[in-house]
$ cat structure08.cif   # mmCIF, C-alpha atoms and all ligand atoms
data_input
loop_
_atom_site.label_atom_id
_atom_site.label_comp_id
_atom_site.auth_asym_id
_atom_site.auth_seq_id
_atom_site.Cartn_x
_atom_site.Cartn_y
_atom_site.Cartn_z
CA MET A 13 8.00 -25.79 17.12
CA ILE A 14 4.68 -24.04 16.56
CA PRO A 15 2.90 -23.52 13.24
CA LEU A 16 3.28 -20.12 11.59
CA GLU A 17 -0.45 -19.45 11.99
CA GLN A 18 -0.16 -19.77 15.77
CA ALA A 19 2.73 -17.31 15.87
CA ARG A 20 0.80 -14.90 13.65
CA ALA A 21 -2.23 -15.15 15.94
CA VAL A 22 -0.05 -14.06 18.89
CA VAL A 23 1.24 -10.93 17.16
CA LEU A 24 -2.02 -10.02 15.44
CA ASP A 25 -3.97 -10.31 18.71
CA ALA A 26 -1.56 -7.99 20.48
CA CYS A 27 -1.13 -5.31 17.80
CA ARG A 28 -4.33 -3.25 17.81
CA PRO A 29 -4.97 -0.26 15.53
CA LEU A 30 -3.42 3.05 16.63
CA ASP A 31 -5.67 5.97 17.63
CA PRO A 32 -7.03 7.75 14.54
CA VAL A 33 -5.75 11.17 13.52
CA SER A 34 -6.93 13.75 11.02
CA VAL A 35 -4.55 14.28 8.10
CA PRO A 36 -4.68 16.50 5.02
CA LEU A 37 -5.55 14.59 1.85
CA THR A 38 -2.03 15.25 0.56
CA GLU A 39 -0.64 13.07 3.36
CA ALA A 40 -3.26 10.32 3.34
CA LEU A 41 -2.10 8.14 0.45
CA GLY A 42 -1.71 4.54 1.63
CA CYS A 43 -3.41 5.18 4.97
CA VAL A 44 -6.69 3.51 6.02
CA THR A 45 -9.79 5.59 6.74
CA ALA A 46 -10.94 5.56 10.37
CA ALA A 47 -14.54 6.72 9.79
CA ALA A 48 -17.19 6.44 7.09
CA LEU A 49 -16.82 9.29 4.61
CA ARG A 50 -19.87 10.82 2.91
CA ALA A 51 -20.23 13.23 0.01
CA LEU A 52 -20.38 16.83 1.22
CA GLU A 53 -21.60 18.01 -2.18
CA ASP A 54 -23.10 16.88 -5.48
CA VAL A 55 -20.66 16.09 -8.28
CA PRO A 56 -21.03 17.61 -10.79
CA PRO A 57 -22.36 20.60 -8.83
CA PHE A 58 -24.10 22.05 -11.93
CA GLU A 59 -25.28 20.83 -15.33
CA ASN A 60 -22.39 21.10 -17.79
CA SER A 61 -21.15 20.08 -21.20
CA ALA A 62 -19.29 16.78 -21.68
CA VAL A 63 -17.67 17.96 -24.92
CA ASP A 64 -16.38 20.99 -26.76
CA GLY A 65 -19.19 21.95 -29.15
CA TYR A 66 -22.42 23.92 -29.42
CA ALA A 67 -25.27 24.05 -26.93
CA VAL A 68 -28.56 23.81 -28.85
CA ARG A 69 -32.28 23.26 -28.59
CA ALA A 70 -33.12 19.71 -29.70
CA ALA A 71 -35.89 20.88 -32.05
CA ASP A 72 -33.45 23.14 -33.93
CA VAL A 73 -31.24 20.19 -34.91
CA ALA A 74 -33.93 17.53 -35.36
CA ARG A 75 -33.27 17.69 -39.11
CA VAL A 76 -29.68 17.96 -40.31
CA PRO A 77 -27.70 19.41 -41.87
CA THR A 78 -28.92 22.74 -40.62
CA GLU A 79 -27.47 26.18 -39.89
CA LEU A 80 -27.78 28.15 -36.62
CA ALA A 81 -26.68 31.61 -35.51
CA VAL A 82 -23.93 31.54 -32.85
CA SER A 83 -24.75 33.94 -30.03
CA GLY A 84 -21.57 33.64 -27.97
CA THR A 85 -19.07 31.40 -26.22
CA ILE A 86 -19.10 29.93 -22.70
CA ALA A 87 -15.76 28.78 -21.30
CA ALA A 88 -15.28 26.37 -18.38
CA GLY A 89 -15.44 28.46 -15.21
CA ALA A 90 -17.66 31.15 -16.75
CA PRO A 91 -21.26 31.74 -15.65
CA PRO A 92 -23.93 30.48 -18.13
CA SER A 93 -24.84 34.02 -19.09
CA ILE A 94 -25.82 33.50 -22.73
CA PRO A 95 -29.23 31.83 -23.16
CA VAL A 96 -29.91 29.68 -26.23
CA GLU A 97 -32.76 31.25 -28.22
CA ALA A 98 -34.66 29.33 -30.89
CA GLY A 99 -32.59 29.05 -34.06
CA HIS A 100 -29.40 29.84 -32.17
CA ALA A 101 -26.46 27.91 -30.76
CA VAL A 102 -23.92 28.86 -28.08
CA ARG A 103 -20.33 27.74 -28.45
CA ILE A 104 -19.50 25.80 -25.27
CA MET A 105 -16.38 24.15 -23.86
CA THR A 106 -16.06 20.91 -21.90
CA GLY A 107 -17.04 21.51 -18.27
CA ALA A 108 -18.74 24.85 -18.96
CA PRO A 109 -22.22 25.29 -17.44
CA LEU A 110 -25.12 24.58 -19.74
CA PRO A 111 -26.84 27.87 -20.65
CA PRO A 112 -30.58 28.41 -20.08
CA GLY A 113 -32.64 27.02 -22.96
CA ALA A 114 -30.04 24.50 -24.07
CA GLU A 115 -31.11 20.85 -24.16
CA GLY A 116 -28.13 19.10 -25.66
CA VAL A 117 -24.64 19.71 -27.00
CA VAL A 118 -23.44 18.97 -30.54
CA MET A 119 -19.78 18.01 -30.48
CA VAL A 120 -17.48 20.23 -32.48
CA GLU A 121 -16.55 17.30 -34.76
CA ASP A 122 -20.18 17.32 -36.02
CA THR A 123 -20.13 21.01 -36.93
CA GLU A 124 -18.54 23.45 -39.36
CA PRO A 125 -18.05 27.14 -38.52
CA LEU A 126 -19.42 29.63 -41.05
CA ASP A 127 -19.06 33.42 -41.45
CA ASP A 128 -15.99 33.64 -39.19
CA GLY A 129 -17.83 31.78 -36.44
CA ARG A 130 -20.97 33.90 -36.47
CA ARG A 131 -22.94 30.91 -37.74
CA VAL A 132 -22.51 27.16 -37.50
CA ARG A 133 -23.51 24.26 -39.73
CA VAL A 134 -24.64 21.24 -37.69
CA THR A 135 -24.31 17.84 -39.42
CA ARG A 136 -25.65 15.52 -36.71
CA SER A 137 -28.74 15.91 -34.56
CA VAL A 138 -28.73 15.54 -30.79
CA GLY A 139 -31.57 14.83 -28.41
CA ALA A 140 -32.29 16.38 -25.00
CA GLY A 141 -29.54 15.45 -22.55
CA ASP A 142 -26.97 14.39 -25.17
CA ALA A 143 -23.41 15.27 -24.06
CA VAL A 144 -24.84 16.88 -20.92
CA ARG A 145 -23.55 15.94 -17.47
CA ARG A 146 -26.38 16.13 -14.93
CA VAL A 147 -26.04 17.45 -11.39
CA GLY A 148 -24.94 14.62 -9.09
CA ASP A 149 -24.60 11.97 -11.78
CA ASP A 150 -21.18 11.07 -10.32
CA VAL A 151 -21.84 11.56 -6.61
CA HIS A 152 -24.94 12.66 -4.65
CA VAL A 153 -24.63 14.83 -1.57
CA GLY A 154 -24.88 12.67 1.55
CA MET A 155 -24.08 9.37 -0.10
CA LEU A 156 -21.62 7.00 1.53
CA LEU A 157 -18.39 7.27 -0.43
CA PHE A 158 -16.07 5.04 1.58
CA PRO A 159 -16.74 2.95 4.67
CA SER A 160 -14.30 3.06 7.57
CA GLY A 161 -11.36 0.79 6.81
CA THR A 162 -10.85 1.84 3.19
CA GLU A 163 -7.26 2.00 1.97
CA VAL A 164 -6.65 5.44 0.50
CA ARG A 165 -5.58 4.92 -3.11
CA PRO A 166 -5.18 7.71 -5.67
CA GLY A 167 -8.78 7.27 -6.90
CA VAL A 168 -10.06 7.61 -3.32
CA LEU A 169 -8.08 10.84 -2.94
CA GLY A 170 -9.60 12.12 -6.17
CA VAL A 171 -13.19 11.43 -5.09
CA LEU A 172 -12.64 12.97 -1.65
CA ALA A 173 -11.11 16.08 -3.22
CA SER A 174 -14.02 16.29 -5.70
CA VAL A 175 -16.53 16.71 -2.87
CA GLY A 176 -14.47 19.13 -0.82
CA HIS A 177 -12.92 16.97 1.91
CA LEU A 178 -9.66 18.73 2.83
CA SER A 179 -8.59 16.39 5.60
CA ILE A 180 -9.84 12.99 6.70
CA PRO A 181 -9.64 10.71 9.75
CA VAL A 182 -7.17 7.86 9.22
CA PHE A 183 -5.15 5.42 11.25
CA PRO A 184 -1.70 6.97 11.50
CA ARG A 185 1.43 5.49 9.97
CA ALA A 186 3.19 3.53 12.70
CA ARG A 187 6.53 5.02 13.73
CA VAL A 188 8.68 1.93 13.90
CA GLY A 189 12.21 1.87 15.25
CA ALA A 190 14.76 -0.54 13.82
CA LEU A 191 17.77 -1.55 15.87
CA SER A 192 20.59 -3.93 15.02
CA THR A 193 22.83 -5.67 17.50
CA GLY A 194 26.12 -7.51 17.20
CA ASP A 195 29.74 -6.81 18.18
CA GLU A 196 30.83 -8.16 14.81
CA LEU A 197 28.94 -5.47 12.89
CA VAL A 198 30.49 -2.31 11.42
CA GLU A 199 28.83 0.43 9.44
CA ASP A 200 31.48 3.12 8.96
CA GLY A 201 32.64 1.90 5.54
CA GLY A 202 36.22 1.35 6.73
CA PRO A 203 38.28 -1.82 6.20
CA LEU A 204 36.96 -4.91 7.99
CA ALA A 205 39.04 -6.17 10.91
CA PRO A 206 39.21 -9.95 11.34
CA GLY A 207 35.84 -11.27 12.44
CA GLN A 208 33.90 -8.19 11.40
CA ILE A 209 31.10 -7.98 8.86
CA ARG A 210 29.15 -5.03 7.58
CA GLU A 211 25.76 -4.22 9.04
CA SER A 212 23.03 -4.89 6.51
CA ASN A 213 19.82 -5.84 8.31
CA ARG A 214 18.92 -2.46 9.70
CA THR A 215 19.33 -0.76 6.36
CA MET A 216 17.17 -3.46 4.81
CA LEU A 217 14.52 -3.34 7.54
CA LEU A 218 14.26 0.45 7.38
CA GLY A 219 13.50 0.00 3.70
CA ALA A 220 10.96 -2.75 4.41
CA LEU A 221 9.26 -0.51 6.98
CA ALA A 222 9.01 2.37 4.55
CA GLN A 223 7.61 0.06 1.89
CA ALA A 224 5.02 -1.27 4.36
CA GLY A 225 3.74 2.30 4.87
CA CYS A 226 5.39 2.85 8.28
CA VAL A 227 7.56 5.78 9.32
CA PRO A 228 10.99 4.16 9.79
CA VAL A 229 13.04 5.36 12.75
CA ASP A 230 16.73 4.47 12.74
CA LEU A 231 17.71 3.36 16.25
CA GLY A 232 21.27 2.60 15.25
CA LEU A 233 23.69 -0.23 15.83
CA VAL A 234 23.97 -1.34 19.44
CA ARG A 235 26.81 -3.38 20.96
CA ASP A 236 26.16 -6.78 22.53
CA ASP A 237 25.94 -5.17 25.92
CA GLU A 238 22.89 -5.48 28.16
CA GLY A 239 23.05 -1.91 29.42
CA ALA A 240 23.34 -0.46 25.92
CA VAL A 241 20.51 -2.60 24.55
CA GLU A 242 18.26 -1.77 27.50
CA HIS A 243 18.93 1.95 27.14
CA ALA A 244 18.22 1.84 23.39
CA LEU A 245 14.99 -0.11 23.83
CA ARG A 246 13.66 2.06 26.66
CA ARG A 247 14.35 5.25 24.73
CA ALA A 248 12.77 3.80 21.59
CA ALA A 249 9.60 2.84 23.47
CA GLU A 250 9.04 6.51 24.38
CA THR A 251 9.03 7.73 20.78
CA CYS A 252 7.99 4.75 18.67
CA ASP A 253 4.73 2.84 18.15
CA ALA A 254 6.66 -0.42 17.65
CA ILE A 255 10.25 -1.67 17.61
CA VAL A 256 11.97 -4.15 15.34
CA THR A 257 15.28 -5.62 16.50
CA SER A 258 17.62 -7.80 14.52
CA GLY A 259 19.94 -10.37 16.06
CA GLY A 260 20.55 -11.63 19.54
CA VAL A 261 17.35 -13.64 20.03
CA SER A 262 18.53 -17.20 19.50
CA MET A 263 20.49 -19.63 21.65
CA GLY A 264 23.98 -18.04 21.52
CA ASP A 265 26.01 -16.96 24.55
CA PHE A 266 25.91 -13.31 23.52
CA ASP A 267 22.24 -13.06 22.58
CA VAL A 268 21.75 -10.04 24.81
CA VAL A 269 18.55 -8.81 23.19
CA LYS A 270 16.95 -11.95 24.50
CA ALA A 271 18.33 -11.41 28.00
CA VAL A 272 17.21 -7.77 28.11
CA LEU A 273 13.74 -8.29 26.68
CA GLN A 274 13.25 -11.18 29.07
CA ARG A 275 13.64 -8.69 31.91
CA LEU A 276 11.93 -5.63 30.44
CA ALA A 277 9.00 -6.94 28.48
CA ASP A 278 6.22 -9.45 28.45
CA MET A 279 7.72 -11.70 25.77
CA SER A 280 6.83 -14.85 23.84
CA TRP A 281 9.85 -16.79 22.55
CA MET A 282 8.90 -18.86 19.59
CA GLN A 283 10.41 -21.59 17.50
CA ILE A 284 8.28 -21.50 14.38
CA ALA A 285 7.98 -24.45 12.01
CA ILE A 286 9.28 -22.48 9.04
CA LYS A 287 12.57 -22.25 7.19
CA PRO A 288 14.19 -19.78 7.19
CA ALA A 289 13.33 -17.72 10.28
CA LYS A 290 12.65 -20.35 12.93
CA PRO A 291 13.50 -18.24 16.03
CA PHE A 292 11.26 -15.26 16.67
CA ALA A 293 10.45 -13.19 19.70
CA PHE A 294 7.49 -10.94 20.28
CA GLY A 295 6.36 -8.95 23.26
CA LEU A 296 5.03 -5.71 24.65
CA LEU A 297 7.34 -3.18 26.23
CA GLY A 298 5.77 -0.66 28.62
CA ALA A 299 6.38 3.01 27.85
CA GLY A 300 6.30 5.83 30.43
CA ASP A 301 2.90 7.03 29.22
CA GLY A 302 1.28 3.62 29.76
CA ARG A 303 1.42 2.47 26.13
CA ALA A 304 2.42 -1.15 25.48
CA VAL A 305 4.87 -1.00 22.57
CA PRO A 306 5.12 -4.13 20.42
CA VAL A 307 8.67 -5.43 20.00
CA PHE A 308 9.52 -7.82 17.19
CA GLY A 309 12.74 -9.70 17.86
CA LEU A 310 13.87 -10.83 14.44
CA PRO A 311 16.72 -13.27 13.95
CA GLY A 312 20.11 -11.89 12.90
CA ASN A 313 20.65 -13.98 9.81
CA PRO A 314 19.75 -11.50 7.11
CA VAL A 315 17.44 -13.73 5.10
CA SER A 316 15.68 -14.91 8.26
CA SER A 317 15.34 -11.33 9.37
CA LEU A 318 13.60 -10.34 6.15
CA VAL A 319 11.37 -13.43 5.99
CA SER A 320 10.18 -13.09 9.58
CA PHE A 321 9.55 -9.41 8.96
CA GLU A 322 7.38 -10.32 5.96
CA LEU A 323 5.45 -13.15 7.61
CA LEU A 324 5.05 -11.77 11.14
CA ALA A 325 6.07 -8.16 11.76
CA ARG A 326 4.71 -6.57 8.58
CA PRO A 327 1.15 -7.95 8.97
CA ALA A 328 1.03 -6.84 12.61
CA LEU A 329 2.31 -3.35 11.75
CA ARG A 330 -0.20 -3.07 8.90
CA GLN A 331 -2.95 -4.03 11.34
CA MET A 332 -1.79 -1.23 13.67
CA MET A 333 -2.25 1.09 10.68
CA GLY A 334 -5.85 -0.03 10.22
CA HIS A 335 -5.50 -2.68 7.51
CA THR A 336 -7.65 -5.76 8.00
CA GLY A 337 -8.04 -9.25 6.56
CA GLU A 338 -6.02 -10.03 3.46
CA ALA A 339 -4.75 -6.45 3.25
CA VAL A 340 -2.34 -6.98 6.15
CA ASP A 341 -0.37 -9.39 3.97
CA ARG A 342 1.31 -9.22 0.62
CA THR A 343 -0.79 -10.08 -2.42
CA LYS A 344 -0.87 -13.86 -2.86
CA VAL A 345 -0.93 -15.60 -6.23
CA LEU A 346 -1.11 -19.24 -7.23
CA ALA A 347 1.89 -19.60 -9.54
CA ILE A 348 3.45 -22.33 -11.64
CA ALA A 349 6.81 -23.62 -10.37
CA ASP A 350 8.41 -24.14 -13.78
CA ASP A 351 11.40 -26.16 -12.54
CA GLY A 352 9.71 -27.41 -9.37
CA LEU A 353 10.86 -26.48 -5.86
CA PRO A 354 12.35 -29.67 -4.42
CA ARG A 355 13.01 -30.13 -0.67
CA ARG A 356 13.16 -32.84 1.99
CA PRO A 357 10.62 -33.40 4.79
CA ASP A 358 11.73 -31.71 8.06
CA GLY A 359 8.49 -30.73 9.79
CA LYS A 360 8.74 -27.12 8.52
CA VAL A 361 7.12 -25.05 5.81
CA HIS A 362 9.83 -23.65 3.56
CA TRP A 363 9.59 -20.11 2.21
CA THR A 364 11.64 -20.21 -0.93
CA ARG A 365 12.78 -16.98 -2.58
CA VAL A 366 11.59 -17.02 -6.14
CA ASN A 367 11.60 -14.82 -9.16
CA GLY A 368 8.36 -14.67 -11.08
CA HIS A 369 7.13 -13.34 -14.38
CA PHE A 370 3.73 -13.46 -16.05
CA GLY A 371 3.83 -15.82 -19.03
CA GLY A 372 1.88 -15.70 -22.28
CA ASP A 373 -0.69 -17.94 -20.58
CA GLY A 374 -1.48 -15.11 -18.14
CA ARG A 375 -0.15 -17.17 -15.22
CA LEU A 376 2.70 -16.27 -12.89
CA HIS A 377 5.69 -18.55 -13.46
CA VAL A 378 8.31 -18.77 -10.73
CA ARG A 379 11.81 -20.17 -10.37
CA SER A 380 14.06 -20.35 -7.32
CA THR A 381 16.51 -17.45 -7.16
CA GLY A 382 19.27 -19.91 -6.26
CA ALA A 383 21.19 -20.34 -3.00
CA GLN A 384 18.64 -20.39 -0.19
CA GLY A 385 20.92 -20.26 2.89
CA SER A 386 19.72 -17.91 5.60
CA HIS A 387 22.90 -15.80 5.27
CA GLN A 388 22.68 -15.61 1.46
CA LEU A 389 21.02 -12.27 0.98
CA ALA A 390 22.18 -11.81 -2.61
CA SER A 391 19.79 -14.42 -4.00
CA THR A 392 17.00 -13.00 -1.83
CA ALA A 393 17.53 -9.59 -3.36
CA ALA A 394 16.83 -11.13 -6.76
CA ALA A 395 13.46 -12.43 -5.54
CA ASN A 396 10.10 -10.80 -6.18
CA GLY A 397 8.21 -13.50 -4.34
CA LEU A 398 8.24 -15.90 -1.42
CA ALA A 399 6.94 -19.34 -2.38
CA ARG A 400 5.22 -21.37 0.33
CA VAL A 401 6.55 -24.91 0.00
CA PRO A 402 4.72 -27.20 2.48
CA ASP A 403 6.51 -29.95 4.40
CA GLY A 404 7.24 -32.94 2.20
CA ASP A 405 9.20 -33.53 -0.98
CA GLY A 406 8.55 -30.14 -2.52
CA ILE A 407 6.71 -28.88 -5.56
CA ALA A 408 6.94 -30.94 -8.76
CA PRO A 409 8.02 -29.20 -11.98
CA GLY A 410 5.01 -27.45 -13.55
CA ALA A 411 2.87 -27.79 -10.39
CA ASP A 412 1.15 -24.91 -8.59
CA VAL A 413 2.68 -23.11 -5.61
CA LEU A 414 1.34 -20.25 -3.49
CA VAL A 415 3.51 -17.14 -3.81
CA TRP A 416 3.52 -13.97 -1.71
CA LEU A 417 4.47 -11.16 -4.06
CA LEU A 418 7.24 -8.94 -2.69
CA VAL A 419 6.23 -6.00 -4.84
P1 LIG B 1 22.47 -13.53 15.81
O1 LIG B 1 21.00 -13.74 15.60
O2 LIG B 1 22.78 -12.26 16.52
O3 LIG B 1 23.09 -14.72 16.45
O4 LIG B 1 23.09 -13.39 14.36
C1 LIG B 1 23.00 -14.45 13.44
C2 LIG B 1 23.85 -14.15 12.22
O5 LIG B 1 23.39 -12.97 11.58
C3 LIG B 1 25.31 -13.90 12.52
O6 LIG B 1 26.09 -14.46 11.48
C4 LIG B 1 25.42 -12.40 12.53
O7 LIG B 1 26.70 -11.95 12.22
C5 LIG B 1 24.43 -12.02 11.46
N1 LIG B 1 23.87 -10.71 11.70
C6 LIG B 1 23.25 -10.31 12.83
N2 LIG B 1 22.83 -9.04 12.73
C7 LIG B 1 23.20 -8.62 11.50
C8 LIG B 1 23.06 -7.40 10.81
N3 LIG B 1 22.44 -6.35 11.37
N4 LIG B 1 23.56 -7.31 9.55
C9 LIG B 1 24.16 -8.37 9.00
N5 LIG B 1 24.33 -9.55 9.59
C10 LIG B 1 23.86 -9.68 10.84
MG MG B 2 24.38 -11.39 17.41
#
$ encode --input "structure08.cif" --output "structure tokens"
Amino acid sequence: MIPLEQARAVVLDACRPLDPVSVPLTEALGCVTAAALRALEDVPPFENSAVDGYAVRAADVARVPTELAVSGTIAAGAPPSIPVEAGHAVRIMTGAPLPPGAEGVVMVEDTEPLDDGRRVRVTRSVGAGDAVRRVGDDVHVGMLLFPSGTEVRPGVLGVLASVGHLSIPVFPRARVGALSTGDELVEDGGPLAPGQIRESNRTMLLGALAQAGCVPVDLGLVRDDEGAVEHALRRAAETCDAIVTSGGVSMGDFDVVKAVLQRLADMSWMQIAIKPAKPFAFGLLGAGDGRAVPVFGLPGNPVSSLVSFELLARPALRQMMGHTGEAVDRTKVLAIADDGLPRRPDGKVHWTRVNGHFGGDGRLHVRSTGAQGSHQLASTAAANGLARVPDGDGIAPGADVLVWLLV
């Protein structure tokens, strides 16, 4: 058995970032930028009012209360065509350009309209620059907004839109095919014949791929037949950036995925010192155009399939999409194991499915979701975290445990 870190090093070394593409901002959410992005313009592009109120000369409102003549109204989007003369004010809306002569803006709450709005009574004085947004006080033209490698979150989209970027260079979403194998599997919804079970892994993995930011590609359910598996894998390599298979990679007589990949691809077969998900295969499958397509051979047991996806495939796929460092993994939190997470020593790190909630103490508190067998998907579905329980006697009640958040 090899430590998890060694297995992760194998996949992370082999899965390099995909070639960058340019995408419209509307499609960039969740992607990672592939070049440094600078401000194309100043924001704000012109001096404007931060409030609804009256643009004034500071000297005219130095002593309050005072009354001024209102010479017009400037709406957001209108040109600043009405200058502020001495003894006058101009009604101005938030975001409207500051008119010539104006030094500050009195907010409407500090005023009272008189004579049907022809005059205004000002009850609070403002100095030069009050409630005025200066040119470039958010962003200066030319400044570095985001270095290459930034994850595009909604705020990033907003800033890029504010300076006029319409499309940006990003690492593309990986198109990842998911394939399940097993003669026992059915997916047509009909009654189960003796020995049959319903396919679940592929449906689950397609969801996990979508949640990881990939484009999931359904490669279907393939019989335990070497020709069929080979055909499916070769076809997938032509259209996908990576392939995830479930089942057929352990020591059984009908583990045909193993037999086929052994022939087709440059594979590493691993027994990883973790529970669940000990068997794992990874390799590169050559495509016609010379690309080497990563293949993740996940175990068939549904819980193992999901856990090895989380610990091994997901980080590698995220790296292909430009994520680096901690961002390839789930967010990790040191949580309190309220009831403890007992186990026996067996040379493996256990990844226990847990449910967590933030307590009044601001800490995450976790409890096991129950049955932890590698076929017991129901308790896994109730989990919002994977707790890392090192080899030994487990985590004592109330002690800390590292949790990967599955959210
Ligand atoms: P295998 O790795 O192919 O030996 O499968 C291990 C266990 O997982 C067996 O009990 C299979 O029936 C089950 N299994 C394999 N693939 C799937 C799948 N796609 N959906 C549900 N169960 C599966
Ligand atoms: Mg099988």
$ closest_residue --input "structure08.cif" --among "A:Ala395, A:Ala347, A:Leu353, A:Val171" --to "A:Leu414" --atoms "all atoms listed in the file"
A:Ala347
$ residues_around --input "structure08.cif" --residues "A:Ile284" --least-positions-apart "5" --cutoff "12 Å" --atoms "only C-alpha atoms" --output "PDB file with C-alpha atoms, in the coordinates of the input"
ATOM      1  CA  MET A  13       8.000 -25.790  17.120  1.00  0.00           C
ATOM      2  CA  ILE A  14       4.680 -24.040  16.560  1.00  0.00           C
ATOM      3  CA  PRO A  15       2.900 -23.520  13.240  1.00  0.00           C
ATOM      4  CA  LEU A  16       3.280 -20.120  11.590  1.00  0.00           C
ATOM      5  CA  GLU A  17      -0.450 -19.450  11.990  1.00  0.00           C
ATOM      6  CA  GLN A  18      -0.160 -19.770  15.770  1.00  0.00           C
ATOM      7  CA  ALA A  19       2.730 -17.310  15.870  1.00  0.00           C
ATOM      8  CA  ARG A  20       0.800 -14.900  13.650  1.00  0.00           C
ATOM      9  CA  ALA A 289      13.330 -17.720  10.280  1.00  0.00           C
ATOM     10  CA  LYS A 290      12.650 -20.350  12.930  1.00  0.00           C
ATOM     11  CA  PRO A 291      13.500 -18.240  16.030  1.00  0.00           C
ATOM     12  CA  PHE A 292      11.260 -15.260  16.670  1.00  0.00           C
ATOM     13  CA  ALA A 293      10.450 -13.190  19.700  1.00  0.00           C
ATOM     14  CA  PRO A 311      16.720 -13.270  13.950  1.00  0.00           C
ATOM     15  CA  SER A 316      15.680 -14.910   8.260  1.00  0.00           C
ATOM     16  CA  SER A 320      10.180 -13.090   9.580  1.00  0.00           C
ATOM     17  CA  LEU A 323       5.450 -13.150   7.610  1.00  0.00           C
ATOM     18  CA  LEU A 324       5.050 -11.770  11.140  1.00  0.00           C
ATOM     19  CA  GLY A 359       8.490 -30.730   9.790  1.00  0.00           C
ATOM     20  CA  LYS A 360       8.740 -27.120   8.520  1.00  0.00           C
ATOM     21  CA  VAL A 361       7.120 -25.050   5.810  1.00  0.00           C
ATOM     22  CA  HIS A 362       9.830 -23.650   3.560  1.00  0.00           C
TER      23      HIS A 362
END
$ residues_around --input "structure08.cif" --residues "A:Val168" --least-positions-apart "2" --cutoff "12 Å" --atoms "all atoms listed in the file" --output "list in words"
Leu37, Thr38, Ala40, Leu41, Gly42, Cys43, Val44, Thr45, Leu49, Leu157, Phe158, Pro159, Thr162, Glu163, Val164, Arg165, Pro166, Gly170, Val171, Leu172, Ala173, Ser174, Val175, His177 and Ile180 of chain A
$ residues_around --input "structure08.cif" --residues "A:Ala408" --least-positions-apart "3" --cutoff "8 Å" --atoms "all atoms listed in the file" --output "PyMOL selection string"
chain A and resi 349+351-354+411
$ closest_atom_pairs --input "structure08.cif" --of "chain A" --to "ligand LIG 1 (chain B)" --cutoff "7 Å" --atoms "only C-alpha atoms and all ligand atoms" --output "CSV"
residue,atom,partner,partner_atom,distance
A:Ser192,CA,B:LIG1,N3,4.8
A:Thr193,CA,B:LIG1,N2,5.8
A:Gly194,CA,B:LIG1,N2,5.8
A:Glu196,CA,B:LIG1,O7,6.2
A:Leu197,CA,B:LIG1,C8,6.5
A:Ile209,CA,B:LIG1,O7,6.8
A:Arg210,CA,B:LIG1,C9,6.2
A:Glu211,CA,B:LIG1,N4,3.8
A:Ser212,CA,B:LIG1,N4,3.9
A:Asn213,CA,B:LIG1,N3,4.1
A:Arg214,CA,B:LIG1,N3,5.5
A:Ser258,CA,B:LIG1,N2,5.6
A:Gly259,CA,B:LIG1,O2,3.4
A:Gly260,CA,B:LIG1,O2,3.8
A:Val261,CA,B:LIG1,O1,5.7
A:Ser262,CA,B:LIG1,O1,5.8
A:Gly264,CA,B:LIG1,O3,6.1
A:Asp267,CA,B:LIG1,O2,6.1
A:Pro311,CA,B:LIG1,O1,4.6
A:Gly312,CA,B:LIG1,O1,3.4
A:Asn313,CA,B:LIG1,O5,3.4
A:Pro314,CA,B:LIG1,N5,5.6
A:His387,CA,B:LIG1,O5,6.9
$ residues_around --input "structure08.cif" --residues "stretch 59-69 of chain A" --least-positions-apart "3" --cutoff "10 Å" --atoms "all atoms listed in the file" --output "ChimeraX atom specification"
/A:55-56,72-74,80,82,84-88,92,95-123,132,134,137-149
$ residues_around --input "structure08.cif" --residues "A:Arg28" --least-positions-apart "5" --cutoff "12 Å" --atoms "all atoms listed in the file" --output "list in words"
Val22, Val23, Phe183, Ala186, Asp253, Ala254, Leu296, Arg303, Ala304, Val305, Pro306, Pro327, Ala328, Leu329, Arg330, Gln331, Met332, Met333, Gly334, His335 and Thr336 of chain A
$ closest_residue --input "structure08.cif" --among "A:Pro181, A:Val345, A:Asp195, A:Ala222" --to "A:Ser160" --atoms "only C-alpha atoms"
A:Pro181
$ atom_distance --input "structure08.cif" --atom1 "atom CA of A:Gly176" --atom2 "atom CA of A:Pro36"
11.7 Å
$ closest_residue --input "structure08.cif" --among "A:Gly225, A:Gly189, A:Gly309, A:Gly161" --to "ligand MG 2 (chain B)" --atoms "all atoms listed in the file"
A:Gly309
$ atom_distance --input "structure08.cif" --atom1 "atom CA of A:Ala51" --atom2 "atom CA of A:Glu39"
19.9 Å
